[in-house]
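coords.cif (mmCIF, C-alpha atoms and all ligand atoms) appears below.
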```cif
data_protein
loop_
_atom_site.label_atom_id
_atom_site.label_comp_id
_atom_site.auth_asym_id
_atom_site.auth_seq_id
_atom_site.Cartn_x
_atom_site.Cartn_y
_atom_site.Cartn_z
CA MET A 25 10.17 3.74 48.72
CA ASP A 26 11.98 5.71 51.48
CA SER A 27 12.95 9.35 50.95
CA SER A 28 16.61 8.69 50.10
CA SER A 29 15.67 6.07 47.47
CA ARG A 30 13.10 8.49 46.06
CA LEU A 31 15.77 11.21 45.82
CA ARG A 32 18.21 8.80 44.15
CA ASN A 33 15.48 7.87 41.67
CA ILE A 34 14.73 11.53 40.84
CA LEU A 35 18.46 12.17 40.34
CA ARG A 36 18.71 9.21 37.97
CA HIS A 37 15.81 10.59 35.91
CA ILE A 38 17.45 14.01 35.74
CA LYS A 39 20.77 12.43 34.78
CA HIS A 40 19.11 10.46 31.97
CA TRP A 41 17.27 13.54 30.71
CA LEU A 42 20.60 15.44 30.56
CA VAL A 43 22.36 12.55 28.82
CA VAL A 44 19.61 12.30 26.20
CA LYS A 45 19.77 16.07 25.57
CA THR A 46 23.57 16.32 25.37
CA ALA A 47 25.24 13.02 24.42
CA PRO A 48 26.60 12.83 20.87
CA ARG A 49 24.85 10.16 18.78
CA LYS A 50 26.79 7.50 16.95
CA ASN A 51 25.74 4.90 14.40
CA ARG A 52 25.91 1.39 15.85
CA ILE A 53 26.14 -1.83 13.92
CA TYR A 54 24.57 -4.30 16.28
CA THR A 55 21.63 -6.68 16.12
CA GLN A 56 20.19 -9.91 17.55
CA PHE A 57 17.83 -12.60 16.39
CA TYR A 58 14.33 -12.78 17.88
CA ARG A 59 14.85 -9.47 19.65
CA PHE A 60 11.21 -8.38 20.07
CA PRO A 61 9.14 -11.36 21.35
CA HIS A 62 6.19 -9.36 22.68
CA GLN A 63 6.02 -7.15 19.61
CA TYR A 64 5.74 -10.39 17.64
CA ARG A 65 2.77 -11.37 19.79
CA VAL A 66 1.08 -8.02 19.12
CA LEU A 67 1.65 -8.53 15.42
CA ALA A 68 0.25 -12.06 15.47
CA GLU A 69 -2.65 -11.45 17.85
CA ARG A 70 -3.76 -7.88 17.05
CA ILE A 71 -2.32 -6.29 13.97
CA LEU A 72 -2.13 -8.98 11.34
CA PRO A 73 -5.53 -10.62 11.84
CA GLN A 74 -7.16 -7.24 11.06
CA MET A 75 -4.82 -6.48 8.19
CA ILE A 76 -5.17 -9.87 6.55
CA GLU A 77 -8.93 -9.60 6.68
CA ALA A 78 -8.84 -6.13 5.13
CA HIS A 79 -6.46 -6.90 2.19
CA SER A 80 -6.31 -9.64 -0.37
CA ARG A 81 -2.91 -8.63 -1.80
CA PRO A 82 0.47 -9.74 -0.40
CA LEU A 83 1.54 -7.83 2.68
CA ARG A 84 4.28 -5.27 2.04
CA ILE A 85 6.83 -4.73 4.82
CA LEU A 86 9.71 -2.23 4.96
CA VAL A 87 12.54 -2.64 7.47
CA PHE A 88 15.04 0.23 7.85
CA GLY A 89 18.30 -0.27 9.73
CA CYS A 90 18.17 -4.02 9.07
CA CYS A 91 21.88 -4.45 9.87
CA SER A 92 23.16 -7.96 9.01
CA GLY A 93 19.66 -9.42 8.66
CA ALA A 94 18.60 -10.74 12.07
CA GLU A 95 15.52 -8.51 12.35
CA PRO A 96 13.88 -9.22 8.94
CA ILE A 97 14.80 -12.90 9.15
CA SER A 98 13.23 -13.21 12.62
CA LEU A 99 10.16 -11.37 11.36
CA SER A 100 9.83 -13.68 8.36
CA ALA A 101 10.08 -16.73 10.68
CA VAL A 102 7.38 -15.30 12.95
CA LEU A 103 5.05 -14.64 9.99
CA ARG A 104 5.51 -18.17 8.65
CA ARG A 105 4.92 -19.75 12.04
CA ASN A 106 1.72 -17.82 12.72
CA PHE A 107 0.32 -17.41 9.21
CA PRO A 108 1.68 -20.25 7.04
CA GLN A 109 -0.53 -19.25 4.07
CA LEU A 110 0.28 -15.54 4.22
CA GLU A 111 1.95 -13.97 1.19
CA TYR A 112 4.32 -11.17 2.10
CA GLN A 113 7.44 -9.39 0.94
CA ILE A 114 10.00 -7.78 3.22
CA GLU A 115 12.23 -5.05 1.77
CA ALA A 116 15.13 -4.54 4.17
CA TYR A 117 17.48 -1.54 4.00
CA ASP A 118 20.61 -0.28 5.70
CA ILE A 119 23.05 2.52 4.91
CA VAL A 120 26.15 0.38 5.48
CA PRO A 121 27.03 -1.67 2.36
CA ASP A 122 29.06 -4.24 4.36
CA VAL A 123 26.10 -5.29 6.52
CA ILE A 124 23.88 -5.60 3.45
CA GLU A 125 26.47 -7.81 1.81
CA ARG A 126 26.56 -9.92 4.98
CA ALA A 127 22.75 -10.15 5.04
CA GLN A 128 22.71 -11.27 1.40
CA ASN A 129 24.82 -14.29 2.36
CA PRO A 130 22.86 -15.30 5.43
CA ASN A 131 24.68 -18.06 7.21
CA TYR A 132 25.63 -17.37 10.77
CA SER A 133 27.79 -18.73 13.57
CA GLN A 134 26.32 -20.40 16.66
CA GLU A 135 27.25 -17.29 18.72
CA GLU A 136 25.50 -14.92 16.30
CA VAL A 137 22.32 -16.99 16.32
CA HIS A 138 22.17 -17.48 20.09
CA GLN A 139 23.29 -14.01 21.15
CA GLY A 140 19.88 -12.60 22.09
CA PRO A 141 18.21 -13.43 25.41
CA PHE A 142 14.91 -14.52 23.80
CA VAL A 143 16.22 -16.95 21.20
CA THR A 144 14.65 -20.39 21.70
CA GLU A 145 15.55 -23.73 20.19
CA GLU A 146 12.07 -23.74 18.60
CA PHE A 147 12.91 -20.48 16.78
CA VAL A 148 16.33 -21.77 15.74
CA GLY A 149 14.83 -25.05 14.42
CA GLU A 150 12.15 -23.21 12.43
CA THR A 151 14.56 -20.66 10.97
CA PHE A 152 17.89 -22.34 10.19
CA ASP A 153 19.40 -25.48 8.70
CA LEU A 154 22.67 -26.48 10.32
CA VAL A 155 25.16 -27.05 7.49
CA ASP A 156 28.84 -27.75 8.25
CA GLY A 157 28.58 -26.06 11.64
CA ARG A 158 26.99 -22.88 10.22
CA TYR A 159 23.37 -21.80 10.60
CA ARG A 160 21.91 -21.27 7.13
CA VAL A 161 18.53 -19.52 6.87
CA LYS A 162 15.87 -21.85 5.47
CA PRO A 163 14.98 -20.93 1.87
CA GLU A 164 11.28 -20.44 2.64
CA ILE A 165 12.14 -17.89 5.37
CA LEU A 166 14.65 -16.08 3.18
CA ARG A 167 12.74 -16.06 -0.12
CA PRO A 168 10.34 -13.20 0.72
CA ILE A 169 13.19 -10.89 1.87
CA SER A 170 15.32 -8.53 -0.24
CA PHE A 171 18.32 -6.71 1.26
CA ARG A 172 19.51 -3.44 -0.27
CA VAL A 173 21.47 -0.33 0.61
CA GLY A 174 19.01 2.48 1.38
CA ASP A 175 18.97 5.62 3.50
CA MET A 176 15.77 6.52 5.34
CA LEU A 177 16.98 10.14 5.44
CA ASP A 178 16.93 10.39 1.66
CA PRO A 179 13.58 11.96 0.63
CA GLY A 180 13.89 10.86 -3.02
CA PHE A 181 14.50 7.26 -2.02
CA ILE A 182 11.59 7.33 0.44
CA ALA A 183 9.25 8.82 -2.19
CA SER A 184 10.26 6.03 -4.61
CA LEU A 185 9.08 3.36 -2.13
CA GLY A 186 5.38 4.23 -2.09
CA GLN A 187 3.45 2.85 0.88
CA ALA A 188 3.66 -0.28 3.01
CA ASP A 189 1.53 -2.18 5.50
CA LEU A 190 4.23 -2.52 8.15
CA VAL A 191 7.18 -0.15 8.58
CA PHE A 192 10.04 -0.95 10.96
CA ALA A 193 12.84 1.35 12.15
CA GLN A 194 14.01 -0.23 15.36
CA ASN A 195 17.00 0.62 17.54
CA VAL A 196 18.13 3.16 14.99
CA LEU A 197 16.39 6.53 15.53
CA PHE A 198 18.04 7.13 18.92
CA HIS A 199 21.48 6.68 17.37
CA LEU A 200 20.87 9.62 15.00
CA PRO A 201 21.42 13.30 15.89
CA ALA A 202 18.02 14.77 16.90
CA LYS A 203 17.58 16.74 13.67
CA ASN A 204 18.14 13.61 11.57
CA ALA A 205 15.92 11.47 13.78
CA ARG A 206 13.08 13.96 13.22
CA ARG A 207 13.65 13.96 9.45
CA ALA A 208 13.75 10.17 9.44
CA PHE A 209 10.51 9.93 11.40
CA ALA A 210 8.77 12.37 9.05
CA ASN A 211 9.91 10.19 6.14
CA LEU A 212 8.79 6.95 7.80
CA GLN A 213 5.28 8.15 8.49
CA GLN A 214 4.92 9.10 4.81
CA LEU A 215 5.25 5.40 4.00
CA MET A 216 2.10 4.55 5.94
CA HIS A 217 -1.40 4.23 4.50
CA SER A 218 -4.51 4.42 6.66
CA ASP A 219 -4.15 0.86 8.09
CA SER A 220 -0.38 0.67 8.38
CA ALA A 221 1.57 0.06 11.57
CA LEU A 222 4.93 1.62 12.43
CA PHE A 223 7.40 -0.12 14.79
CA VAL A 224 9.90 2.23 16.46
CA ASN A 225 11.56 0.61 19.43
CA GLY A 226 14.61 2.70 20.31
CA MET A 227 13.61 6.34 19.93
CA ASP A 228 14.02 9.26 22.37
CA ILE A 229 10.92 9.47 24.54
CA ASP A 230 10.19 13.21 24.26
CA MET A 231 10.58 13.04 20.50
CA ARG A 232 8.36 9.95 20.29
CA VAL A 233 5.54 11.71 22.17
CA GLN A 234 5.86 14.90 20.15
CA LEU A 235 6.15 13.38 16.68
CA THR A 236 3.52 10.66 17.07
CA LYS A 237 1.09 13.40 18.14
CA LYS A 238 2.16 15.74 15.34
CA PHE A 239 1.54 13.04 12.72
CA GLU A 240 -1.63 11.81 14.45
CA LEU A 241 -0.41 8.28 15.02
CA GLN A 242 -2.33 6.14 17.49
CA PRO A 243 -0.44 4.05 20.05
CA GLU A 244 -1.14 0.31 20.07
CA ASP A 245 -1.01 -0.30 23.80
CA TYR A 246 -1.55 -4.09 23.92
CA LEU A 247 1.38 -5.70 25.83
CA ILE A 248 3.00 -2.29 26.17
CA GLU A 249 4.69 -3.13 29.50
CA GLU A 250 5.94 -6.52 28.27
CA ILE A 251 7.41 -4.94 25.13
CA HIS A 252 9.07 -2.26 27.22
CA ASN A 253 10.58 -4.88 29.51
CA ASP A 254 11.91 -6.90 26.55
CA ALA A 255 13.91 -3.80 25.61
CA ARG A 256 15.04 -3.37 29.23
CA GLN A 257 16.63 -6.82 29.19
CA ASP A 258 18.84 -5.46 26.47
CA ARG A 259 19.19 -1.84 27.48
CA GLY A 260 18.13 -1.57 31.12
CA ASP A 261 21.75 -1.59 32.29
CA GLY A 262 22.38 1.52 30.19
CA TRP A 263 19.86 3.51 32.18
CA ALA A 264 20.46 6.25 33.35
CA GLY A 265 23.96 6.90 32.03
CA ALA A 266 23.49 6.16 28.30
CA TYR A 267 21.10 7.84 25.86
CA TRP A 268 20.05 4.36 24.64
CA GLY A 269 19.27 3.16 28.20
CA ARG A 270 15.67 2.06 28.85
CA LYS A 271 14.15 3.45 32.05
CA PRO A 272 11.92 1.34 34.32
CA PHE A 273 8.28 1.06 33.25
CA SER A 274 5.97 3.54 34.99
CA ARG A 275 2.40 4.79 34.55
CA ARG A 276 3.01 8.02 36.45
CA SER A 277 3.38 10.40 33.53
CA ARG A 278 0.29 11.83 31.82
CA GLU A 279 1.81 10.58 28.54
CA TRP A 280 2.88 7.16 29.81
CA ILE A 281 1.31 5.30 26.87
CA ARG A 282 3.03 7.34 24.14
CA GLU A 283 6.27 7.41 26.14
CA HIS A 284 6.48 3.63 26.32
CA CYS A 285 4.65 2.59 23.18
CA THR A 286 6.74 1.25 20.28
CA ILE A 287 3.92 0.46 17.81
CA TYR A 288 1.74 3.13 16.18
CA ARG A 289 -1.17 3.02 13.75
CA LYS A 290 -2.14 5.69 11.28
CA ALA A 291 -5.86 5.46 11.96
CA SER A 292 -7.69 4.88 15.25
CA VAL A 293 -8.87 1.27 15.27
C1 LIG B 301 21.72 -0.72 16.21
S1 LIG B 301 21.41 -1.34 14.58
C2 LIG B 301 19.76 -2.02 14.81
C3 LIG B 301 19.54 -3.23 13.96
C4 LIG B 301 18.14 -3.82 14.02
N1 LIG B 301 17.13 -2.87 13.57
C5 LIG B 301 17.81 -4.31 15.41
O1 LIG B 301 16.98 -3.68 16.11
O2 LIG B 301 18.37 -5.32 15.84
C6 LIG B 301 21.07 0.18 13.68
C7 LIG B 301 21.25 -0.01 12.16
O3 LIG B 301 20.65 1.12 11.50
C8 LIG B 301 21.46 1.48 10.39
N2 LIG B 301 21.19 2.87 9.99
C9 LIG B 301 21.67 4.01 10.56
N3 LIG B 301 21.23 5.10 9.90
C10 LIG B 301 20.43 4.65 8.88
C11 LIG B 301 19.71 5.30 7.85
N4 LIG B 301 19.72 6.63 7.73
N5 LIG B 301 19.00 4.54 6.97
C12 LIG B 301 19.01 3.18 7.06
N6 LIG B 301 19.71 2.51 8.03
C13 LIG B 301 20.41 3.23 8.93
C14 LIG B 301 22.86 1.23 10.93
O4 LIG B 301 23.83 1.17 9.89
C15 LIG B 301 22.70 -0.05 11.73
O5 LIG B 301 22.96 -1.20 10.96
#
```

If you convert what's in this file into structure tokens, what do you get?
Ligand SMILES: C[S@@+](CC[C@H](N)C(=O)[O-])C[C@H]1O[C@@H](n2cnc3c(N)ncnc32)[C@H](O)[C@@H]1O
Amino acid sequence: MDSSSRLRNILRHIKHWLVVKTAPRKNRIYTQFYRFPHQYRVLAERILPQMIEAHSRPLRILVFGCCSGAEPISLSAVLRRNFPQLEYQIEAYDIVPDVIERAQNPNYSQEEVHQGPFVTEEFVGETFDLVDGRYRVKPEILRPISFRVGDMLDPGFIASLGQADLVFAQNVLFHLPAKNARRAFANLQQLMHSDSALFVNGMDIDMRVQLTKKFELQPEDYLIEEIHNDARQDRGDGWAGAYWGRKPFSRRSREWIREHCTIYRKASV
């Protein structure tokens, strides 16, 4: 890199840091199917084989900020494809009643299903039945999922949930004002037992480093660069001008693993 490109790069990092510190946060209602392909690989290749061996009971999964259903439905399809015998339940929550109502009636248009860059025909065939031009989620994918209104900032609600094996809060924490994002993270980590995994794509980097250390969560670094670059397909264009923009992957920082990592475990494994 020549010196003027290096300077431009430094200025972009400073700009992004300032945007993250000062930009007002705003709730966004937006989702895609099959949005996290490399996270799904980590689940299937690293996390679930250990978990399934350790527990005989059905797996319990909590998804916060589920929007109109694409994330839990994609997750359910991935679990069925990789572990056809696995028993699991997915409890999916959002604060917006309209999106929960939409998720409870899960048939989608062709555009909604194919919106994400990673959606494949294999995924579509495994997940939906095409009925009168609409994509209806197959009953066996839908059956383990419940959709309800729920606020991850509400301590009473969080306490009522007990603990889960997998906890997801993706592309939501960075849309909250910093104080609320911290409260939400503190609530989420309470839902973990000693073998749980937490998935938090879409969280401010400084906060992610600080809070995962504070709560002694261990980064799962398998496929960390690939997962980061999945998110950059979606959000790379937003860097450096938007708080949700994803910066290029780099190993230069002392904390590069925690900065980039989106999956954390309670215990060191
Ligand atoms: C940008 S969407 C992300 C959807 C999905 N997780 C994904 O990654 O595709 C963020 C969702 O989080 C929801 N949300 C915001 N604050 C929340 C809260 N306190 N508790 C639960 N859901 C919340 C929003 O209503 C919105 O539907």

Using CA of Val43 in chain A and CA of Trp263 in chain A as the two end points, give the distance in Å to one decimal.
10.0 Å

Which protein, DNA or RNA residues have an atom within 7 Å of ligand LIG 301 (chain B), counting all atoms listed in the file, as a PyMOL selection string?
chain A and resi 51-56+59+88-91+94-95+117-120+123+174-177+193-196+200

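Of the listed residues A:Lys45, A:Leu35, A:Ala101, A:Ala208, the one whose atoms come nearest to Trp268 in chain A is A:Lys45, with distances taken using all atoms listed in the file.
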
Would you please work out which residue, of A:Arg282, A:His199, A:Arg276, A:Arg270, is nearest to Arg36 in chain A when using all atoms listed in the file?
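Under the stated criterion, the closest residue is A:Arg270.
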
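Shortest atom-to-atom contact with Tyr246 in chain A among A:Glu69, A:Asp258, A:Asp156, A:Glu283: A:Glu69, counting only C-alpha atoms.
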
Between A:Lys271, A:Tyr288, A:Ala116, A:Gly262, which is the closest to Leu235 in chain A once you count all atoms listed in the file?
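Checking each candidate against Leu235 in chain A, we get A:Tyr288 as the closest.
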
To one decimal place, how far is CA of Asn211 in chain A from CA of Asp178 in chain A in Å?
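Spanning CA of Asn211 in chain A to CA of Asp178 in chain A is a straight-line distance of 8.3 Å.
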
Best match for closeness to Ala202 in chain A among A:Ile182, A:Met227, A:Val155, A:Leu110, counting only C-alpha atoms:
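The shortest atom-to-atom distance to Ala202 in chain A comes from A:Met227.
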
Identify, on the basis of all atoms listed in the file, every residue whose closest approach to Glu250 in chain A does not exceed 10 Å; exclude the query and any residue fewer than 3 positions from it along the same chain; express the result as a ChimeraX atom specification.
/A:60-63,246-247,253-256,273

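Residues in contact with range 78-81 of chain A at up to 9 Å, not including ones fewer than 3 positions away on its chain and judged by only C-alpha atoms, are A:Pro73, A:Gln74, A:Met75, A:Arg84, A:Glu111, A:Tyr112, A:Asp219.
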
Just give me the residues with any atom within 8 Å of (-3.9, -2.5, 11.4), file coordinates, counting all atoms listed in the file, written as an NGL selection string.
:A and (70-72 or 74-75 or 219-221 or 289 or 293)

Go ahead and compute the interatomic distance for CA of Lys39 in chain A and CA of Arg278 in chain A, in Å to one decimal.
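Computing it gives 20.7 Å between the two atoms.
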
Repair of range 162-191 of chain A at the level of N, CA and C atoms, as a JSON list (two decimals), in the frame of the given file:
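Generated file (part.json):
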```
[["chain", "number", "residue", "atom", "x", "y", "z"],
["A", 162, "LYS", "N", 16.66, -20.97, 6.33],
["A", 162, "LYS", "CA", 15.87, -21.85, 5.47],
["A", 162, "LYS", "C", 15.36, -21.05, 4.26],
["A", 163, "PRO", "N", 15.36, -21.67, 3.08],
["A", 163, "PRO", "CA", 14.98, -20.93, 1.87],
["A", 163, "PRO", "C", 13.59, -20.30, 1.97],
["A", 164, "GLU", "N", 12.64, -21.00, 2.60],
["A", 164, "GLU", "CA", 11.28, -20.44, 2.64],
["A", 164, "GLU", "C", 11.18, -19.21, 3.55],
["A", 165, "ILE", "N", 12.12, -19.08, 4.51],
["A", 165, "ILE", "CA", 12.14, -17.89, 5.37],
["A", 165, "ILE", "C", 12.82, -16.74, 4.62],
["A", 166, "LEU", "N", 13.84, -17.10, 3.85],
["A", 166, "LEU", "CA", 14.65, -16.08, 3.18],
["A", 166, "LEU", "C", 13.99, -15.53, 1.91],
["A", 167, "ARG", "N", 13.26, -16.40, 1.22],
["A", 167, "ARG", "CA", 12.74, -16.06, -0.12],
["A", 167, "ARG", "C", 11.96, -14.74, -0.16],
["A", 168, "PRO", "N", 11.11, -14.46, 0.83],
["A", 168, "PRO", "CA", 10.34, -13.20, 0.72],
["A", 168, "PRO", "C", 11.14, -11.94, 1.06],
["A", 169, "ILE", "N", 12.43, -12.08, 1.41],
["A", 169, "ILE", "CA", 13.19, -10.89, 1.87],
["A", 169, "ILE", "C", 14.17, -10.43, 0.80],
["A", 170, "SER", "N", 14.23, -9.09, 0.57],
["A", 170, "SER", "CA", 15.32, -8.53, -0.24],
["A", 170, "SER", "C", 16.12, -7.59, 0.65],
["A", 171, "PHE", "N", 17.43, -7.59, 0.47],
["A", 171, "PHE", "CA", 18.32, -6.71, 1.26],
["A", 171, "PHE", "C", 19.00, -5.74, 0.30],
["A", 172, "ARG", "N", 18.87, -4.43, 0.60],
["A", 172, "ARG", "CA", 19.51, -3.44, -0.27],
["A", 172, "ARG", "C", 20.05, -2.28, 0.56],
["A", 173, "VAL", "N", 21.01, -1.57, -0.02],
["A", 173, "VAL", "CA", 21.47, -0.33, 0.61],
["A", 173, "VAL", "C", 20.38, 0.72, 0.41],
["A", 174, "GLY", "N", 20.02, 1.42, 1.49],
["A", 174, "GLY", "CA", 19.01, 2.48, 1.38],
["A", 174, "GLY", "C", 19.06, 3.35, 2.62],
["A", 175, "ASP", "N", 18.83, 4.64, 2.41],
["A", 175, "ASP", "CA", 18.97, 5.62, 3.50],
["A", 175, "ASP", "C", 17.60, 6.22, 3.81],
["A", 176, "MET", "N", 17.11, 6.00, 5.01],
["A", 176, "MET", "CA", 15.77, 6.52, 5.34],
["A", 176, "MET", "C", 15.76, 8.05, 5.47],
["A", 177, "LEU", "N", 16.95, 8.67, 5.41],
["A", 177, "LEU", "CA", 16.98, 10.14, 5.44],
["A", 177, "LEU", "C", 16.87, 10.74, 4.04],
["A", 178, "ASP", "N", 16.92, 9.90, 3.04],
["A", 178, "ASP", "CA", 16.93, 10.39, 1.66],
["A", 178, "ASP", "C", 15.49, 10.53, 1.16],
["A", 179, "PRO", "N", 15.00, 11.78, 0.99],
["A", 179, "PRO", "CA", 13.58, 11.96, 0.63],
["A", 179, "PRO", "C", 13.22, 11.36, -0.72],
["A", 180, "GLY", "N", 14.16, 11.42, -1.69],
["A", 180, "GLY", "CA", 13.89, 10.86, -3.02],
["A", 180, "GLY", "C", 13.71, 9.35, -2.95],
["A", 181, "PHE", "N", 14.58, 8.72, -2.19],
["A", 181, "PHE", "CA", 14.50, 7.26, -2.02],
["A", 181, "PHE", "C", 13.18, 6.90, -1.34],
["A", 182, "ILE", "N", 12.83, 7.62, -0.29],
["A", 182, "ILE", "CA", 11.59, 7.33, 0.44],
["A", 182, "ILE", "C", 10.38, 7.50, -0.49],
["A", 183, "ALA", "N", 10.38, 8.59, -1.27],
["A", 183, "ALA", "CA", 9.25, 8.82, -2.19],
["A", 183, "ALA", "C", 9.14, 7.69, -3.20],
["A", 184, "SER", "N", 10.29, 7.10, -3.59],
["A", 184, "SER", "CA", 10.26, 6.03, -4.61],
["A", 184, "SER", "C", 9.65, 4.74, -4.05],
["A", 185, "LEU", "N", 9.54, 4.63, -2.72],
["A", 185, "LEU", "CA", 9.08, 3.36, -2.13],
["A", 185, "LEU", "C", 7.56, 3.21, -2.10],
["A", 186, "GLY", "N", 6.85, 4.33, -2.20],
["A", 186, "GLY", "CA", 5.38, 4.23, -2.09],
["A", 186, "GLY", "C", 4.98, 3.93, -0.64],
["A", 187, "GLN", "N", 3.95, 3.09, -0.48],
["A", 187, "GLN", "CA", 3.45, 2.85, 0.88],
["A", 187, "GLN", "C", 3.51, 1.36, 1.23],
["A", 188, "ALA", "N", 3.52, 1.11, 2.54],
["A", 188, "ALA", "CA", 3.66, -0.28, 3.01],
["A", 188, "ALA", "C", 2.70, -0.53, 4.15],
["A", 189, "ASP", "N", 2.45, -1.82, 4.41],
["A", 189, "ASP", "CA", 1.53, -2.18, 5.50],
["A", 189, "ASP", "C", 2.22, -2.11, 6.86],
["A", 190, "LEU", "N", 3.45, -2.58, 6.90],
["A", 190, "LEU", "CA", 4.23, -2.52, 8.15],
["A", 190, "LEU", "C", 5.55, -1.83, 7.86],
["A", 191, "VAL", "N", 5.91, -0.88, 8.74],
["A", 191, "VAL", "CA", 7.18, -0.15, 8.58],
["A", 191, "VAL", "C", 7.95, -0.30, 9.89]]
```
